[in-house]
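S.K.: Shown below is the structure under consideration.
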Amino acid sequence: MKSQAPDLSSPIKVMLVEDHQTMLWGLQALVEAERPLMAVVGTARTCDEALAGAAQLAPDVILLDLDLGGVSVLDFLPELLANGVSRALVLTAAHDPALLDLAARRGARGILHKEVTADQVIKAIAKIHRGELWFDAATMDRVFGQMLGWRRALRPDALPEKHAALTARERAIVSAVVELSGCANHEVAQRLFISEHTLRNHLSSIYRKLDVPNRLGMYVYAIRHGLVQPEQGARPGRPTGRRGSA
């Protein structure tokens, strides 16, 4: 299903997925205190409840634990996001890099550890809703570094060659897509005064030239390798006090 752009004029619809009732109550009170910025539209304590809620409510952000009574959320995370609207923000006590990396690869837009402050939870929800990311530097380097092959041995001139292969129009499209990271393709096309079909053709060419798999890969590549300056596009979110990078 095609991803939709967030409606930034309405309250952020948040669904909470947590099997510990006390934690669930605390998160609900935290989010509800931020009205009218955001509101809890549903809660779930089991996988089945979470899947039903995501399908019925189509929340903007799903704040979820990775472990629901011994059942791993990772097994159904892609299905949870199948409505094409919801974005997942993981709140977990786990620190296993392999587990967190798998959550990112399966669709999570951000990861929070349960020792973070209440303010960081609220900031992360808002950033995820805007189409940004909330990962620490280590997770970004591991997950997206592997995806884009940053750790491969490259000739010193390999990146300049890749960038030089882009046309001026393609560079403009890269900048626009980074700036409008939370928008669907048809909205980006409207801003560029081209058809969605034309945009998709340009994106396919860009993906091939930069050796990236999709829009998210292009977004990360563009920031990391200087195709756009940070002020040109929305930065993925970072916990307060951490170095920002995409």
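In the structure tokens, chains take the letters A, B, ... in the order shown, each chain's residues start at 1, and ligands count up from 1 in the order shown.
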Pro59 of chain A: which residues within 7 Å, counting only C-alpha atoms, same-chain residues fewer than 3 positions away excluded, as JSON, numbers by chain?
M.R.: {"A": [13, 14, 15, 54, 62, 86]}
S.K.: Keeping only all heavy atoms, write the selected residues as a PDB file, in the first residue's frame.
M.R.:
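Result file is result24.pdb:
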ATOM      1  N   LYS A  13      -2.228  10.654  15.944  1.00  0.00           N
ATOM      2  CA  LYS A  13      -2.946   9.498  16.486  1.00  0.00           C
ATOM      3  C   LYS A  13      -1.932   8.427  16.871  1.00  0.00           C
ATOM      4  O   LYS A  13      -1.226   7.900  16.023  1.00  0.00           O
ATOM      5  CB  LYS A  13      -3.935   8.954  15.453  1.00  0.00           C
ATOM      6  CG  LYS A  13      -5.027   9.942  15.076  1.00  0.00           C
ATOM      7  CD  LYS A  13      -6.050   9.327  14.133  1.00  0.00           C
ATOM      8  CE  LYS A  13      -5.428   8.965  12.797  1.00  0.00           C
ATOM      9  NZ  LYS A  13      -6.431   8.407  11.850  1.00  0.00           N
ATOM     10  N   VAL A  14      -1.872   8.123  18.154  1.00  0.00           N
ATOM     11  CA  VAL A  14      -0.878   7.197  18.683  1.00  0.00           C
ATOM     12  C   VAL A  14      -1.562   5.933  19.195  1.00  0.00           C
ATOM     13  O   VAL A  14      -2.561   6.009  19.924  1.00  0.00           O
ATOM     14  CB  VAL A  14      -0.069   7.845  19.829  1.00  0.00           C
ATOM     15  CG1 VAL A  14       0.978   6.871  20.355  1.00  0.00           C
ATOM     16  CG2 VAL A  14       0.585   9.132  19.353  1.00  0.00           C
ATOM     17  N   MET A  15      -1.048   4.778  18.810  1.00  0.00           N
ATOM     18  CA  MET A  15      -1.479   3.516  19.394  1.00  0.00           C
ATOM     19  C   MET A  15      -0.341   2.959  20.235  1.00  0.00           C
ATOM     20  O   MET A  15       0.816   2.951  19.789  1.00  0.00           O
ATOM     21  CB  MET A  15      -1.881   2.503  18.323  1.00  0.00           C
ATOM     22  CG  MET A  15      -2.469   1.229  18.923  1.00  0.00           C
ATOM     23  SD  MET A  15      -3.163   0.080  17.705  1.00  0.00           S
ATOM     24  CE  MET A  15      -1.664  -0.775  17.203  1.00  0.00           C
ATOM     25  N   ALA A  54      -4.216  -1.777  14.570  1.00  0.00           N
ATOM     26  CA  ALA A  54      -3.524  -1.085  13.481  1.00  0.00           C
ATOM     27  C   ALA A  54      -4.384  -1.080  12.221  1.00  0.00           C
ATOM     28  O   ALA A  54      -4.452  -0.070  11.504  1.00  0.00           O
ATOM     29  CB  ALA A  54      -2.186  -1.751  13.200  1.00  0.00           C
ATOM     30  N   ILE A  62       2.765   4.037  15.961  1.00  0.00           N
ATOM     31  CA  ILE A  62       2.567   2.911  16.874  1.00  0.00           C
ATOM     32  C   ILE A  62       3.796   2.838  17.780  1.00  0.00           C
ATOM     33  O   ILE A  62       4.904   2.577  17.314  1.00  0.00           O
ATOM     34  CB  ILE A  62       2.397   1.590  16.113  1.00  0.00           C
ATOM     35  CG1 ILE A  62       1.208   1.670  15.158  1.00  0.00           C
ATOM     36  CG2 ILE A  62       2.204   0.431  17.096  1.00  0.00           C
ATOM     37  CD1 ILE A  62       1.049   0.434  14.277  1.00  0.00           C
ATOM     38  N   SER A  86       0.676   3.876   9.209  1.00  0.00           N
ATOM     39  CA  SER A  86       1.326   3.847  10.516  1.00  0.00           C
ATOM     40  C   SER A  86       2.845   3.786  10.411  1.00  0.00           C
ATOM     41  O   SER A  86       3.399   3.175   9.490  1.00  0.00           O
ATOM     42  CB  SER A  86       0.835   2.638  11.314  1.00  0.00           C
ATOM     43  OG  SER A  86      -0.563   2.680  11.493  1.00  0.00           O
TER      44      SER A  86
END
S.K.: Skipping near chain neighbours, those fewer than 5 positions away, what residues fall within 12 Å of segment 43-46 of chain A using only C-alpha atoms, listed as a PyMOL selection string?
M.R.: chain A and resi 13-25+27-28+31+51-54+57+59+61-73+76
S.K.: Grab the residues selected above and save them as a compact mmCIF listing (two decimals), in the first residue's frame with C-alpha atoms.
M.R.:
# COMPACT_ATOMS: atom_id res chain seq x y z
CA LYS A 13 -2.95 9.50 16.49
CA VAL A 14 -0.88 7.20 18.68
CA MET A 15 -1.48 3.52 19.39
CA LEU A 16 0.34 1.98 22.35
CA VAL A 17 1.43 -1.66 22.33
CA GLU A 18 2.74 -2.82 25.70
CA ASP A 19 1.95 -5.95 27.73
CA HIS A 20 2.73 -4.48 31.16
CA GLN A 21 -0.41 -2.70 32.36
CA THR A 22 1.40 -0.22 34.62
CA MET A 23 3.74 0.81 31.80
CA LEU A 24 0.78 1.08 29.45
CA TRP A 25 -1.08 3.38 31.84
CA LEU A 27 2.53 5.90 28.48
CA GLN A 28 -1.14 6.68 27.95
CA VAL A 31 0.74 11.04 25.53
CA LEU A 51 -2.80 -6.18 14.50
CA ALA A 52 -6.55 -5.59 14.82
CA GLY A 53 -6.00 -2.08 16.19
CA ALA A 54 -3.52 -1.08 13.48
CA LEU A 57 -7.58 2.59 13.62
CA PRO A 59 -2.78 5.25 13.82
CA VAL A 61 2.49 6.31 15.17
CA ILE A 62 2.57 2.91 16.87
CA LEU A 63 4.68 3.02 20.04
CA LEU A 64 5.46 -0.59 20.84
CA ASP A 65 7.54 -2.89 22.96
CA LEU A 66 9.49 -5.65 21.21
CA ASP A 67 8.37 -8.38 23.62
CA LEU A 68 4.71 -9.03 24.34
CA GLY A 69 4.48 -11.76 26.92
CA GLY A 70 7.33 -13.69 25.37
CA VAL A 71 6.13 -13.15 21.78
CA SER A 72 8.46 -11.12 19.55
CA VAL A 73 6.89 -8.13 17.83
CA PHE A 76 4.59 -9.40 12.84
S.K.: Determine, counting only C-alpha atoms, which protein, DNA and RNA residues have an atom within 12 Å of an atom of Val177 of chain A; residues of the same chain fewer than 6 positions away are not included. Present the result as an mmCIF file with C-alpha atoms, in the first residue's frame.
M.R.:
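Contents of selection03.cif, freshly written:
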data_model
loop_
_atom_site.group_PDB
_atom_site.id
_atom_site.type_symbol
_atom_site.label_atom_id
_atom_site.label_comp_id
_atom_site.auth_asym_id
_atom_site.auth_seq_id
_atom_site.Cartn_x
_atom_site.Cartn_y
_atom_site.Cartn_z
ATOM 1 C CA GLY A 131 8.679 11.348 8.496
ATOM 2 C CA GLU A 170 18.258 14.178 -10.647
ATOM 3 C CA ARG A 171 20.175 16.165 -8.030
ATOM 4 C CA CYS A 183 5.464 12.816 1.740
ATOM 5 C CA ALA A 184 4.220 10.271 -0.766
ATOM 6 C CA ASN A 185 5.584 10.219 -4.323
ATOM 7 C CA HIS A 186 2.575 11.964 -5.828
ATOM 8 C CA GLU A 187 3.010 14.922 -3.463
ATOM 9 C CA VAL A 188 6.711 15.209 -4.257
ATOM 10 C CA ALA A 189 5.822 15.126 -7.959
ATOM 11 C CA GLN A 190 3.308 17.940 -7.481
ATOM 12 C CA ARG A 191 5.925 20.100 -5.784
ATOM 13 C CA LEU A 192 8.303 19.459 -8.694
ATOM 14 C CA LEU A 199 9.227 11.041 -10.825
ATOM 15 C CA ARG A 200 9.316 7.256 -10.529
ATOM 16 C CA HIS A 202 13.888 9.576 -12.276
ATOM 17 C CA LEU A 203 14.008 7.745 -8.938
ATOM 18 C CA ILE A 206 18.945 7.636 -9.224
ATOM 19 C CA ASN A 214 14.724 2.637 -2.290
ATOM 20 C CA ARG A 215 13.764 6.147 -1.122
ATOM 21 C CA LEU A 216 14.909 5.527 2.434
ATOM 22 C CA GLY A 217 18.272 4.314 1.193
ATOM 23 C CA MET A 218 18.591 7.385 -1.034
ATOM 24 C CA TYR A 219 17.660 9.673 1.877
ATOM 25 C CA VAL A 220 20.363 8.225 4.124
ATOM 26 C CA ALA A 222 22.247 11.791 0.366
ATOM 27 C CA ILE A 223 22.853 13.095 3.879
ATOM 28 C CA LEU A 227 24.497 15.234 -1.865
ATOM 29 C CA VAL A 228 22.385 17.653 0.147
ATOM 30 C CA GLN A 232 18.219 21.376 2.834
ATOM 31 C CA GLY A 233 16.322 18.412 4.207
ATOM 32 C CA ALA A 234 14.695 17.176 7.372
#
S.K.: When distances are computed from only C-alpha atoms, which of A:Ser204, A:Ile12, A:Ala98, A:Arg142 shows the smallest separation from Val40 of chain A?
M.R.: A:Ile12
S.K.: Between atom CA of His225 of chain A and atom CA of Val116 of chain A, measure the distance and give it in Å to one decimal.
M.R.: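 Spanning atom CA of His225 of chain A to atom CA of Val116 of chain A is a straight-line distance of 29.9 Å.
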S.K.: Distance atom CA of Gly42 of chain A-atom CA of Pro97 of chain A, one decimal place?
M.R.: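 Answer for the atom CA of Gly42 of chain A to atom CA of Pro97 of chain A separation: 29.4 Å.
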S.K.: If you run DSSP on the backbone, which residues of segment 29-217 of chain A are helix (DSSP H, G or I), as number ranges by chain?
M.R.: A: 29-32, 47-57, 73-75, 77-80, 97-105, 118-129, 137-148, 158-164, 168-179, 185-192, 196-210, 215-217
S.K.: Measuring between only C-alpha atoms, which one of A:Arg224, A:Asn83, A:Ala94, A:Asp60 shows the shortest distance to Arg109 of chain A?
M.R.: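 The answer is A:Asp60, which sits nearest to Arg109 of chain A.
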S.K.: Which of these residues is nearest to Arg106 of chain A, using only C-alpha atoms: A:Val143, A:Ala118, A:Ala137, A:Leu37?
M.R.: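 Looking only at the distances to Arg106 of chain A, the closest residue turns out to be A:Val143.
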S.K.: For Gly84 of chain A, which of A:Ala39, A:Ala29, A:Ala58, A:Val174 is the closest residue, counting only C-alpha atoms?
M.R.: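 The shortest atom-to-atom distance to Gly84 of chain A comes from A:Ala58.
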S.K.: In terms of the shortest atom-to-atom distance over only C-alpha atoms, which of A:Lys162, A:Val85, A:Phe193, A:Ala168 is closest to Val212 of chain A?
M.R.: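 Of the candidates, the smallest distance to Val212 of chain A is held by A:Lys162.
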S.K.: Report the distance between atom CA of Leu89 of chain A and atom CA of Cys47 of chain A in Å, rounded to one decimal place.
M.R.: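 So the answer is 15.7 Å.
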S.K.: Could you pull out the strand (DSSP E or B) residues of segment 86-227 of chain A, going by DSSP on the backbone, and write them as a short mmCIF file (atom, residue, chain, number, x, y, z; two decimals) with C-alpha atoms, in the first residue's frame?
M.R.:
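Wrote part.cif, looks like this:
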data_model
loop_
_atom_site.label_atom_id
_atom_site.label_comp_id
_atom_site.auth_asym_id
_atom_site.auth_seq_id
_atom_site.Cartn_x
_atom_site.Cartn_y
_atom_site.Cartn_z
CA ARG A 87 4.95 4.36 11.51
CA ALA A 88 6.55 2.24 14.21
CA LEU A 89 8.54 3.61 17.14
CA VAL A 90 10.06 0.90 19.33
CA LEU A 91 10.29 1.43 23.10
CA THR A 92 12.30 -1.43 24.57
CA ALA A 108 10.75 0.58 12.63
CA ARG A 109 11.39 4.31 12.12
CA GLY A 110 12.97 4.76 15.51
CA ILE A 111 14.17 2.99 18.66
CA LEU A 112 13.94 4.26 22.23
CA HIS A 113 15.29 2.53 25.33
CA TRP A 134 15.08 8.35 15.59
#
